[in-house]
Amino acid sequence: MAAYQEVSGMRIGQALRGSIAIVAMATAPCEATAAQDAVLAELGQRLFPTIAQMSVQGAPPSLRSLLTQRLRRIDACGEANDCRIQALQWSDPEIAAVEAAAAKQVSGPTDETRAAVRRELSGLNSILRVYGAGEPPRYPDIDGPDSVGTPLFKADVAAAFASADAIKSEPVARLDQSVALALTLLDGANRLDAIAFEPLDRENALPAARAARLDWSRYPYTAIILLGVGPEVMGVPLSPMSKLNVHLAAARYRAGVSPFIIVSGAGVHPRRTNYVEAIEMRKALVERYSIPADAIVIEPYARHTTTNLRNAARLLIKLKAPEDRPALIVTNRKHGVSISSETFVKRNVAELGYAPGRIAPALSPLDFPFFYDPRSVRVDPADPLDP
């Protein structure tokens with residue numbers, strides 16, 4: 001391990017390229033194809049969908065010049081990974097230049113394309129800082145690499161550089177080296193949460209088919225939004241509060257107030273848990289309360305209450321739920337006080353940039369009507385990593 005830690009990512013990359021060349025000459029295959037990593041390709045498309053559509057060849061001269069300057073800046077660091085992490089980050093003027101180029105290269109509304117570029121490159125910078133430089137994430141209890149502060153961390157970063165060098169020519173990373181490194185840093189830290197349940201449409205195929213033929217006017221609420229409350233004990237699938245929330249949602253469903261239950265929550269508590277709240281709540285609804293599978297919509301990506309509601313809003317839009325009819329958030333008293341406060345509204349704006357909907361006055365300490373905002377579907381479909 002000590003010897004490995006002394007080898008920089010650049011040296012590993014050089015050795016890898018050399019060994020491939022030797023093997024290629026020795027075996028002389030009749031037909032050769034590129035070795036593409038399907039997982040990193042999917043992760044890149046998920047986290048950087050706008051950037052993945054861009055290329056150096058299609059860029060205007062001004063952006064090509066900027067990208068060349070970035071390469072020189074990175075090369076000037078030599079084999080110093082700390083320097084390279086810093087050099088790979090995107091400055092505000094650089095982001096603005098990519099925004100302008102994307103507005104011409106990428107199809108779609110110009111303002112949305114520009115906003116997507118800024119969001120994706122800002123997120124990429126965060127990944128480099130947290131997973132490459134070891135800076136504290138916004139939510140250290142659930143985010144960031146496990147090796148920070150240990151001798152293994154530098155070795156992991158060196159390995160990520162070597163892996164990034166190996167995949168930098170793949171389509172998803174063709175614009176800039178920083179994309180490849182962000183992906184390999186996440187992969188090395190086993191942070192592939194963003195693609196764990198893709199395609200989500202397949203997971204929700206049964207409720208989607210039901211929604212397509214549904215008479216929404218029969219129900220006062222479009223869906224019951226069931227929020228998870230993560231356990232803090234490793235090995236526990238559902239916390240006592242989550243079990244209470246499941247019971248409340250099942251009772252409302254059986255009362256006929258809504259055709260669907262949206263179970264929302266990722267695998268975040270405790271850190272590195274093997275259980276995903278949405279999956280465990282769906283399991284409890286089916287096995288303990290005999291709720292039909294085509295009435296349960298899973299949302300397994302949200303890691304905070306803000307993204308619970310944002311992602312639930314996106315699913316309501318996909319189901320074509322009427323905008324003028326509310327969903328019903330069902331949760332315990334403590335959580336209810338939190339989501340109905342002005343502080344929660346401000347938190348949405350601070351973390352998401354907008355509120356995903358409006359929470360109407362409570363019907364009870366446990367029941368809160370929620371009107372989704374159609375703008376929720378206009379932002380990046382991936383749950384941000386919040387590093």
# chains A, B, ... in the order shown; residues from 1 in each chain; ligands from 1
$ select_by_dssp --residues "stretch 179-362 of chain A" --states "strand (DSSP E or B)" --output "mmCIF file with N, CA, C and O atoms, in the first residue's frame"
data_model
loop_
_atom_site.group_PDB
_atom_site.id
_atom_site.type_symbol
_atom_site.label_atom_id
_atom_site.label_comp_id
_atom_site.auth_asym_id
_atom_site.auth_seq_id
_atom_site.Cartn_x
_atom_site.Cartn_y
_atom_site.Cartn_z
ATOM 1 N N ILE A 224 -50.983 10.716 -1.887
ATOM 2 C CA ILE A 224 -50.533 10.859 -0.506
ATOM 3 C C ILE A 224 -49.012 10.819 -0.550
ATOM 4 O O ILE A 224 -48.426 9.854 -1.052
ATOM 5 N N ILE A 225 -48.365 11.867 -0.085
ATOM 6 C CA ILE A 225 -46.901 11.917 -0.079
ATOM 7 C C ILE A 225 -46.410 11.436 1.278
ATOM 8 O O ILE A 225 -46.677 12.062 2.310
ATOM 9 N N LEU A 226 -45.746 10.303 1.254
ATOM 10 C CA LEU A 226 -45.280 9.644 2.475
ATOM 11 C C LEU A 226 -43.786 9.905 2.634
ATOM 12 O O LEU A 226 -42.979 9.453 1.824
ATOM 13 N N LEU A 227 -43.420 10.656 3.653
ATOM 14 C CA LEU A 227 -42.028 11.032 3.880
ATOM 15 C C LEU A 227 -41.347 10.063 4.832
ATOM 16 O O LEU A 227 -41.904 9.714 5.880
ATOM 17 N N ILE A 261 -50.025 6.506 -3.395
ATOM 18 C CA ILE A 261 -49.120 6.892 -2.306
ATOM 19 C C ILE A 261 -47.724 7.032 -2.913
ATOM 20 O O ILE A 261 -47.227 6.096 -3.539
ATOM 21 N N ILE A 262 -47.129 8.198 -2.761
ATOM 22 C CA ILE A 262 -45.746 8.400 -3.204
ATOM 23 C C ILE A 262 -44.840 8.206 -1.996
ATOM 24 O O ILE A 262 -44.921 8.969 -1.019
ATOM 25 N N VAL A 263 -44.014 7.175 -2.039
ATOM 26 C CA VAL A 263 -43.073 6.929 -0.941
ATOM 27 C C VAL A 263 -41.747 7.585 -1.311
ATOM 28 O O VAL A 263 -41.171 7.306 -2.361
ATOM 29 N N SER A 264 -41.261 8.479 -0.471
ATOM 30 C CA SER A 264 -40.096 9.283 -0.826
ATOM 31 C C SER A 264 -39.005 9.207 0.232
ATOM 32 O O SER A 264 -39.246 9.466 1.408
ATOM 33 N N ILE A 296 -48.683 2.468 -5.563
ATOM 34 C CA ILE A 296 -47.509 2.978 -4.857
ATOM 35 C C ILE A 296 -46.468 3.458 -5.862
ATOM 36 O O ILE A 296 -46.015 2.701 -6.722
ATOM 37 N N VAL A 297 -46.094 4.729 -5.761
ATOM 38 C CA VAL A 297 -45.081 5.340 -6.621
ATOM 39 C C VAL A 297 -43.825 5.531 -5.782
ATOM 40 O O VAL A 297 -43.878 6.130 -4.706
ATOM 41 N N ILE A 298 -42.699 5.019 -6.276
ATOM 42 C CA ILE A 298 -41.478 5.170 -5.477
ATOM 43 C C ILE A 298 -40.656 6.355 -5.955
ATOM 44 O O ILE A 298 -40.564 6.642 -7.140
ATOM 45 N N GLU A 299 -40.068 7.050 -4.989
ATOM 46 C CA GLU A 299 -39.151 8.157 -5.237
ATOM 47 C C GLU A 299 -37.946 7.891 -4.339
ATOM 48 O O GLU A 299 -37.922 8.323 -3.180
ATOM 49 N N ALA A 327 -52.017 17.403 -3.554
ATOM 50 C CA ALA A 327 -51.614 16.145 -2.949
ATOM 51 C C ALA A 327 -51.753 16.313 -1.435
ATOM 52 O O ALA A 327 -52.058 17.416 -0.949
ATOM 53 N N LEU A 328 -51.548 15.248 -0.691
ATOM 54 C CA LEU A 328 -51.682 15.318 0.760
ATOM 55 C C LEU A 328 -50.419 14.766 1.405
ATOM 56 O O LEU A 328 -50.119 13.580 1.282
ATOM 57 N N ILE A 329 -49.664 15.648 2.058
ATOM 58 C CA ILE A 329 -48.483 15.192 2.812
ATOM 59 C C ILE A 329 -48.968 14.645 4.148
ATOM 60 O O ILE A 329 -49.710 15.315 4.874
ATOM 61 N N VAL A 330 -48.559 13.434 4.448
ATOM 62 C CA VAL A 330 -48.929 12.812 5.719
ATOM 63 C C VAL A 330 -47.644 12.514 6.481
ATOM 64 O O VAL A 330 -46.762 11.810 5.986
ATOM 65 N N GLY A 357 -43.453 23.911 -4.411
ATOM 66 C CA GLY A 357 -44.900 23.975 -4.331
ATOM 67 C C GLY A 357 -45.333 24.757 -3.107
ATOM 68 O O GLY A 357 -44.509 25.323 -2.386
ATOM 69 N N ARG A 358 -46.627 24.766 -2.893
ATOM 70 C CA ARG A 358 -47.189 25.516 -1.768
ATOM 71 C C ARG A 358 -47.879 24.555 -0.811
ATOM 72 O O ARG A 358 -48.700 23.737 -1.225
ATOM 73 N N ILE A 359 -47.517 24.647 0.465
ATOM 74 C CA ILE A 359 -48.165 23.841 1.493
ATOM 75 C C ILE A 359 -49.296 24.664 2.091
ATOM 76 O O ILE A 359 -49.071 25.730 2.675
#
$ residues_around --residues "A:Thr222" --least-positions-apart "5" --cutoff "8 Å" --atoms "only C-alpha atoms" --output "PyMOL selection string"
chain A and resi 216+258-260+316+321-322+325-328
$ write_last_selection --atoms "C-alpha atoms" --output "PDB file, in the first residue's frame"
ATOM      1  CA  TRP A 216     -58.860  12.072 -11.107  1.00  0.00           C
ATOM      2  CA  SER A 258     -56.270   9.449  -3.023  1.00  0.00           C
ATOM      3  CA  PRO A 259     -55.472   6.893  -5.759  1.00  0.00           C
ATOM      4  CA  PHE A 260     -51.721   6.848  -5.056  1.00  0.00           C
ATOM      5  CA  LEU A 316     -46.996  14.158  -9.964  1.00  0.00           C
ATOM      6  CA  ALA A 321     -51.936  14.852 -11.941  1.00  0.00           C
ATOM      7  CA  PRO A 322     -54.179  17.953 -12.122  1.00  0.00           C
ATOM      8  CA  ARG A 325     -55.924  19.585  -7.088  1.00  0.00           C
ATOM      9  CA  PRO A 326     -53.597  19.121  -4.100  1.00  0.00           C
ATOM     10  CA  ALA A 327     -51.614  16.145  -2.949  1.00  0.00           C
ATOM     11  CA  LEU A 328     -51.682  15.318   0.760  1.00  0.00           C
TER      12      LEU A 328
END
$ atom_distance --atom1 "atom CA of A:Gly123" --atom2 "atom CA of A:Ser338"
27.2 Å
$ select_by_dssp --residues "stretch 112-346 of chain A" --states "helix (DSSP H, G or I)" --output "compact mmCIF listing (two decimals) with N, CA and C atoms, in the first residue's frame"
# COMPACT_ATOMS: atom_id res chain seq x y z
N GLU A 112 -32.90 28.16 -20.08
CA GLU A 112 -32.83 26.89 -19.35
C GLU A 112 -31.51 26.19 -19.59
N THR A 113 -30.99 26.28 -20.83
CA THR A 113 -29.70 25.67 -21.13
C THR A 113 -28.60 26.34 -20.33
N ARG A 114 -28.61 27.67 -20.30
CA ARG A 114 -27.60 28.39 -19.52
C ARG A 114 -27.67 28.02 -18.04
N ALA A 115 -28.88 27.97 -17.51
CA ALA A 115 -29.04 27.62 -16.09
C ALA A 115 -28.56 26.20 -15.82
N ALA A 116 -28.81 25.29 -16.76
CA ALA A 116 -28.38 23.91 -16.60
C ALA A 116 -26.86 23.81 -16.57
N VAL A 117 -26.20 24.54 -17.46
CA VAL A 117 -24.73 24.54 -17.49
C VAL A 117 -24.17 25.03 -16.16
N ARG A 118 -24.70 26.13 -15.67
CA ARG A 118 -24.20 26.69 -14.41
C ARG A 118 -24.43 25.70 -13.26
N ARG A 119 -25.59 25.09 -13.25
CA ARG A 119 -25.90 24.12 -12.18
C ARG A 119 -24.96 22.92 -12.27
N GLU A 120 -24.74 22.41 -13.46
CA GLU A 120 -23.91 21.21 -13.62
C GLU A 120 -22.45 21.48 -13.29
N LEU A 121 -21.91 22.61 -13.76
CA LEU A 121 -20.50 22.90 -13.49
C LEU A 121 -20.29 23.31 -12.02
N SER A 122 -21.26 23.95 -11.42
CA SER A 122 -21.16 24.27 -9.99
C SER A 122 -21.16 22.98 -9.18
N GLY A 123 -22.03 22.02 -9.57
CA GLY A 123 -22.04 20.73 -8.90
C GLY A 123 -20.74 19.98 -9.11
N LEU A 124 -20.19 20.08 -10.33
CA LEU A 124 -18.91 19.42 -10.61
C LEU A 124 -17.81 20.00 -9.72
N ASN A 125 -17.78 21.32 -9.57
CA ASN A 125 -16.80 21.94 -8.67
C ASN A 125 -16.92 21.40 -7.26
N SER A 126 -18.15 21.22 -6.80
CA SER A 126 -18.36 20.71 -5.44
C SER A 126 -17.82 19.29 -5.30
N ILE A 127 -18.04 18.47 -6.33
CA ILE A 127 -17.51 17.10 -6.29
C ILE A 127 -15.99 17.12 -6.20
N LEU A 128 -15.34 17.98 -6.99
CA LEU A 128 -13.88 18.05 -6.96
C LEU A 128 -13.39 18.50 -5.58
N ARG A 129 -14.07 19.47 -4.99
CA ARG A 129 -13.62 20.00 -3.70
C ARG A 129 -13.79 18.95 -2.59
N VAL A 130 -14.93 18.28 -2.60
CA VAL A 130 -15.23 17.35 -1.50
C VAL A 130 -14.52 16.01 -1.68
N TYR A 131 -14.67 15.42 -2.88
CA TYR A 131 -14.14 14.08 -3.10
C TYR A 131 -12.69 14.08 -3.58
N GLY A 132 -12.22 15.25 -4.07
CA GLY A 132 -10.84 15.33 -4.54
C GLY A 132 -9.92 16.05 -3.57
N PRO A 151 -4.56 7.91 5.40
CA PRO A 151 -3.57 7.78 4.32
C PRO A 151 -4.18 7.27 3.02
N LEU A 152 -5.30 6.58 3.13
CA LEU A 152 -5.93 6.01 1.94
C LEU A 152 -6.51 7.09 1.02
N PHE A 153 -6.85 8.25 1.58
CA PHE A 153 -7.52 9.28 0.77
C PHE A 153 -6.68 9.69 -0.43
N LYS A 154 -5.40 9.99 -0.23
CA LYS A 154 -4.55 10.40 -1.34
C LYS A 154 -4.42 9.29 -2.37
N ALA A 155 -4.36 8.05 -1.90
CA ALA A 155 -4.28 6.93 -2.84
C ALA A 155 -5.55 6.82 -3.67
N ASP A 156 -6.70 7.05 -3.04
CA ASP A 156 -7.97 7.01 -3.76
C ASP A 156 -8.03 8.11 -4.82
N VAL A 157 -7.54 9.30 -4.47
CA VAL A 157 -7.55 10.40 -5.43
C VAL A 157 -6.61 10.09 -6.58
N ALA A 158 -5.44 9.51 -6.29
CA ALA A 158 -4.50 9.14 -7.35
C ALA A 158 -5.12 8.12 -8.29
N ALA A 159 -5.83 7.16 -7.72
CA ALA A 159 -6.50 6.16 -8.55
C ALA A 159 -7.58 6.78 -9.41
N ALA A 160 -8.28 7.78 -8.85
CA ALA A 160 -9.32 8.46 -9.62
C ALA A 160 -8.72 9.21 -10.80
N PHE A 161 -7.56 9.85 -10.59
CA PHE A 161 -6.88 10.53 -11.70
C PHE A 161 -6.50 9.54 -12.79
N ALA A 162 -5.97 8.38 -12.38
CA ALA A 162 -5.58 7.38 -13.37
C ALA A 162 -6.79 6.87 -14.14
N SER A 163 -7.88 6.62 -13.44
CA SER A 163 -9.10 6.15 -14.10
C SER A 163 -9.68 7.22 -15.02
N ALA A 164 -9.60 8.50 -14.58
CA ALA A 164 -10.09 9.59 -15.41
C ALA A 164 -9.30 9.69 -16.70
N ASP A 165 -8.00 9.47 -16.61
CA ASP A 165 -7.16 9.50 -17.80
C ASP A 165 -7.58 8.41 -18.78
N ALA A 166 -8.04 7.28 -18.23
CA ALA A 166 -8.43 6.16 -19.08
C ALA A 166 -9.76 6.38 -19.78
N ILE A 167 -10.64 7.21 -19.19
CA ILE A 167 -11.98 7.39 -19.79
C ILE A 167 -12.20 8.77 -20.39
N PRO A 171 -17.53 9.65 -24.75
CA PRO A 171 -18.43 10.75 -25.13
C PRO A 171 -18.88 11.63 -23.97
N VAL A 172 -19.20 11.02 -22.84
CA VAL A 172 -19.75 11.80 -21.73
C VAL A 172 -18.74 12.78 -21.15
N ALA A 173 -17.43 12.52 -21.35
CA ALA A 173 -16.38 13.35 -20.75
C ALA A 173 -15.55 14.09 -21.80
N GLN A 177 -11.41 17.52 -18.99
CA GLN A 177 -10.92 16.48 -18.08
C GLN A 177 -11.66 16.46 -16.75
N SER A 178 -12.18 17.61 -16.34
CA SER A 178 -12.83 17.69 -15.03
C SER A 178 -14.04 16.78 -14.94
N VAL A 179 -14.74 16.56 -16.06
CA VAL A 179 -15.91 15.70 -16.04
C VAL A 179 -15.50 14.26 -15.73
N ALA A 180 -14.47 13.79 -16.42
CA ALA A 180 -14.00 12.42 -16.18
C ALA A 180 -13.56 12.25 -14.73
N LEU A 181 -12.83 13.23 -14.19
CA LEU A 181 -12.36 13.10 -12.82
C LEU A 181 -13.50 13.11 -11.83
N ALA A 182 -14.50 13.98 -12.02
CA ALA A 182 -15.64 14.01 -11.11
C ALA A 182 -16.32 12.65 -11.07
N LEU A 183 -16.46 12.02 -12.22
CA LEU A 183 -17.12 10.72 -12.28
C LEU A 183 -16.30 9.64 -11.59
N THR A 184 -14.99 9.62 -11.81
CA THR A 184 -14.16 8.57 -11.20
C THR A 184 -13.98 8.79 -9.70
N LEU A 185 -14.02 10.05 -9.26
CA LEU A 185 -13.98 10.30 -7.82
C LEU A 185 -15.22 9.74 -7.14
N LEU A 186 -16.39 9.98 -7.73
CA LEU A 186 -17.62 9.44 -7.15
C LEU A 186 -17.63 7.92 -7.20
N ASP A 187 -17.16 7.38 -8.31
CA ASP A 187 -17.12 5.92 -8.45
C ASP A 187 -16.19 5.31 -7.41
N GLY A 188 -15.02 5.92 -7.23
CA GLY A 188 -14.07 5.41 -6.25
C GLY A 188 -14.60 5.45 -4.83
N ASP A 193 -25.32 6.74 -6.09
CA ASP A 193 -26.73 6.83 -5.71
C ASP A 193 -27.61 7.39 -6.82
N ALA A 194 -27.06 8.31 -7.61
CA ALA A 194 -27.87 9.03 -8.60
C ALA A 194 -28.41 8.13 -9.70
N ILE A 195 -27.86 6.92 -9.87
CA ILE A 195 -28.33 6.03 -10.93
C ILE A 195 -28.80 4.68 -10.37
N LEU A 200 -36.19 4.99 -13.65
CA LEU A 200 -37.23 5.05 -12.63
C LEU A 200 -38.61 4.81 -13.23
N ASP A 201 -38.78 5.17 -14.49
CA ASP A 201 -40.08 4.93 -15.14
C ASP A 201 -40.44 3.45 -15.13
N ARG A 202 -39.43 2.60 -15.23
CA ARG A 202 -39.70 1.16 -15.20
C ARG A 202 -40.16 0.73 -13.81
N GLU A 203 -39.54 1.30 -12.77
CA GLU A 203 -39.93 0.99 -11.40
C GLU A 203 -41.38 1.40 -11.15
N ALA A 205 -43.83 1.70 -13.48
CA ALA A 205 -44.64 1.40 -14.66
C ALA A 205 -46.09 1.06 -14.30
N LEU A 206 -46.31 0.32 -13.22
CA LEU A 206 -47.68 -0.06 -12.85
C LEU A 206 -48.53 1.15 -12.46
N PRO A 207 -48.06 2.01 -11.53
CA PRO A 207 -48.89 3.19 -11.22
C PRO A 207 -49.04 4.14 -12.41
N ALA A 208 -48.03 4.23 -13.28
CA ALA A 208 -48.15 5.10 -14.45
C ALA A 208 -49.25 4.61 -15.37
N ALA A 209 -49.33 3.29 -15.56
CA ALA A 209 -50.38 2.73 -16.41
C ALA A 209 -51.75 2.99 -15.80
N ARG A 210 -51.84 2.90 -14.48
CA ARG A 210 -53.11 3.16 -13.81
C ARG A 210 -53.49 4.64 -13.95
N ALA A 211 -52.51 5.53 -13.81
CA ALA A 211 -52.79 6.96 -13.90
C ALA A 211 -53.30 7.35 -15.28
N ALA A 212 -52.83 6.64 -16.31
CA ALA A 212 -53.22 6.98 -17.69
C ALA A 212 -54.71 6.79 -17.93
N TRP A 216 -59.39 11.37 -12.27
CA TRP A 216 -58.86 12.07 -11.11
C TRP A 216 -59.95 12.76 -10.30
N SER A 217 -61.06 13.08 -10.94
CA SER A 217 -62.12 13.83 -10.26
C SER A 217 -62.77 13.02 -9.14
N ARG A 218 -62.51 11.73 -9.09
CA ARG A 218 -63.11 10.89 -8.04
C ARG A 218 -62.43 11.07 -6.69
N PRO A 240 -38.97 3.83 13.85
CA PRO A 240 -40.32 3.87 14.41
C PRO A 240 -41.17 4.98 13.81
N MET A 241 -40.58 6.16 13.55
CA MET A 241 -41.33 7.25 12.96
C MET A 241 -41.76 6.93 11.53
N SER A 242 -40.90 6.27 10.77
CA SER A 242 -41.28 5.86 9.42
C SER A 242 -42.44 4.86 9.46
N LYS A 243 -42.41 3.97 10.42
CA LYS A 243 -43.51 3.01 10.56
C LYS A 243 -44.81 3.72 10.89
N LEU A 244 -44.72 4.77 11.72
CA LEU A 244 -45.91 5.56 12.02
C LEU A 244 -46.41 6.24 10.75
N ASN A 245 -45.51 6.84 9.98
CA ASN A 245 -45.91 7.52 8.75
C ASN A 245 -46.54 6.55 7.76
N VAL A 246 -46.00 5.34 7.68
CA VAL A 246 -46.57 4.32 6.80
C VAL A 246 -48.00 3.99 7.22
N HIS A 247 -48.20 3.84 8.53
CA HIS A 247 -49.55 3.54 9.03
C HIS A 247 -50.52 4.67 8.68
N LEU A 248 -50.09 5.91 8.87
CA LEU A 248 -50.95 7.05 8.57
C LEU A 248 -51.32 7.08 7.09
N ALA A 249 -50.34 6.84 6.23
CA ALA A 249 -50.60 6.87 4.79
C ALA A 249 -51.54 5.74 4.37
N ALA A 250 -51.34 4.55 4.94
CA ALA A 250 -52.21 3.43 4.61
C ALA A 250 -53.64 3.72 5.04
N ALA A 251 -53.80 4.34 6.21
CA ALA A 251 -55.14 4.67 6.69
C ALA A 251 -55.83 5.67 5.77
N ARG A 252 -55.08 6.69 5.31
CA ARG A 252 -55.68 7.66 4.39
C ARG A 252 -56.05 7.01 3.06
N TYR A 253 -55.17 6.13 2.58
CA TYR A 253 -55.46 5.46 1.30
C TYR A 253 -56.72 4.61 1.42
N ARG A 254 -56.83 3.86 2.50
CA ARG A 254 -58.00 3.00 2.70
C ARG A 254 -59.27 3.81 2.87
N GLU A 277 -35.18 4.18 2.08
CA GLU A 277 -36.44 4.42 2.78
C GLU A 277 -37.65 4.16 1.88
N ALA A 278 -37.62 4.64 0.63
CA ALA A 278 -38.77 4.47 -0.25
C ALA A 278 -39.07 2.99 -0.49
N ILE A 279 -38.03 2.21 -0.69
CA ILE A 279 -38.21 0.78 -0.95
C ILE A 279 -38.77 0.07 0.28
N GLU A 280 -38.25 0.40 1.44
CA GLU A 280 -38.71 -0.24 2.67
C GLU A 280 -40.14 0.18 3.00
N MET A 281 -40.50 1.43 2.73
CA MET A 281 -41.87 1.87 2.99
C MET A 281 -42.84 1.20 2.02
N ARG A 282 -42.44 1.06 0.76
CA ARG A 282 -43.29 0.34 -0.19
C ARG A 282 -43.49 -1.10 0.27
N LYS A 283 -42.42 -1.73 0.70
CA LYS A 283 -42.51 -3.11 1.18
C LYS A 283 -43.48 -3.22 2.35
N ALA A 284 -43.40 -2.27 3.30
CA ALA A 284 -44.29 -2.30 4.45
C ALA A 284 -45.74 -2.07 4.04
N LEU A 285 -45.97 -1.16 3.09
CA LEU A 285 -47.34 -0.90 2.63
C LEU A 285 -47.95 -2.15 2.00
N VAL A 286 -47.17 -2.87 1.21
CA VAL A 286 -47.68 -4.06 0.53
C VAL A 286 -47.85 -5.22 1.50
N GLU A 287 -46.82 -5.48 2.31
CA GLU A 287 -46.82 -6.67 3.15
C GLU A 287 -47.66 -6.51 4.42
N ARG A 288 -47.68 -5.32 4.99
CA ARG A 288 -48.37 -5.14 6.27
C ARG A 288 -49.78 -4.60 6.11
N TYR A 289 -50.02 -3.85 5.00
CA TYR A 289 -51.33 -3.21 4.84
C TYR A 289 -52.05 -3.62 3.55
N ALA A 293 -49.76 -2.82 -5.47
CA ALA A 293 -48.51 -2.29 -6.00
C ALA A 293 -48.73 -1.16 -7.00
N ASP A 294 -49.84 -1.21 -7.74
CA ASP A 294 -50.06 -0.16 -8.74
C ASP A 294 -50.57 1.14 -8.13
N ALA A 295 -50.68 1.18 -6.80
CA ALA A 295 -51.07 2.41 -6.11
C ALA A 295 -49.88 3.08 -5.44
N THR A 305 -35.87 16.81 3.19
CA THR A 305 -37.29 17.13 3.02
C THR A 305 -37.51 18.03 1.81
N THR A 306 -36.57 18.93 1.55
CA THR A 306 -36.70 19.80 0.38
C THR A 306 -36.81 18.98 -0.90
N THR A 307 -35.92 18.00 -1.04
CA THR A 307 -35.94 17.19 -2.27
C THR A 307 -37.04 16.13 -2.23
N ASN A 308 -37.52 15.76 -1.04
CA ASN A 308 -38.72 14.91 -0.96
C ASN A 308 -39.85 15.55 -1.76
N LEU A 309 -40.12 16.83 -1.46
CA LEU A 309 -41.25 17.50 -2.09
C LEU A 309 -40.96 17.87 -3.54
N ARG A 310 -39.72 18.27 -3.83
CA ARG A 310 -39.39 18.57 -5.22
C ARG A 310 -39.55 17.33 -6.10
N ASN A 311 -39.01 16.21 -5.66
CA ASN A 311 -39.08 14.99 -6.47
C ASN A 311 -40.50 14.43 -6.54
N ALA A 312 -41.25 14.58 -5.45
CA ALA A 312 -42.66 14.17 -5.49
C ALA A 312 -43.43 15.01 -6.50
N ALA A 313 -43.11 16.32 -6.56
CA ALA A 313 -43.76 17.20 -7.53
C ALA A 313 -43.47 16.73 -8.95
N ARG A 314 -42.22 16.33 -9.21
CA ARG A 314 -41.86 15.84 -10.54
C ARG A 314 -42.65 14.59 -10.90
N LEU A 315 -42.83 13.72 -9.93
CA LEU A 315 -43.59 12.50 -10.21
C LEU A 315 -45.06 12.80 -10.45
N LEU A 316 -45.61 13.76 -9.72
CA LEU A 316 -47.00 14.16 -9.96
C LEU A 316 -47.16 14.71 -11.38
N ILE A 317 -46.17 15.46 -11.84
CA ILE A 317 -46.21 15.98 -13.21
C ILE A 317 -46.15 14.83 -14.21
N LYS A 318 -45.28 13.84 -13.95
CA LYS A 318 -45.19 12.69 -14.85
C LYS A 318 -46.49 11.90 -14.90
N ARG A 333 -46.15 14.59 13.83
CA ARG A 333 -46.35 15.97 14.32
C ARG A 333 -45.08 16.82 14.22
N LYS A 334 -43.95 16.28 14.63
CA LYS A 334 -42.71 17.05 14.65
C LYS A 334 -42.33 17.47 13.22
N HIS A 335 -42.42 16.53 12.29
CA HIS A 335 -42.10 16.83 10.90
C HIS A 335 -43.10 17.82 10.32
N GLY A 336 -44.36 17.67 10.73
CA GLY A 336 -45.40 18.57 10.25
C GLY A 336 -45.16 20.01 10.65
N VAL A 337 -44.73 20.22 11.88
CA VAL A 337 -44.41 21.58 12.34
C VAL A 337 -43.30 22.16 11.49
N SER A 338 -42.32 21.34 11.14
CA SER A 338 -41.18 21.81 10.36
C SER A 338 -41.59 22.23 8.95
N ILE A 339 -42.33 21.38 8.23
CA ILE A 339 -42.64 21.67 6.83
C ILE A 339 -43.66 22.79 6.66
N GLU A 342 -42.31 28.97 8.05
CA GLU A 342 -41.67 29.89 7.11
C GLU A 342 -40.20 29.55 6.91
N THR A 343 -39.60 28.97 7.93
CA THR A 343 -38.20 28.55 7.84
C THR A 343 -38.01 27.52 6.74
N PHE A 344 -38.98 26.62 6.59
CA PHE A 344 -38.87 25.60 5.56
C PHE A 344 -38.98 26.21 4.16
N VAL A 345 -39.83 27.19 4.01
CA VAL A 345 -39.94 27.90 2.72
C VAL A 345 -38.60 28.52 2.36
N LYS A 346 -37.96 29.18 3.31
CA LYS A 346 -36.67 29.82 3.08
C LYS A 346 -35.60 28.77 2.78
$ closest_residue --among "A:Gln57, A:Leu63, A:Ala133, A:Val276" --to "A:Ala80" --atoms "only C-alpha atoms"
A:Ala133
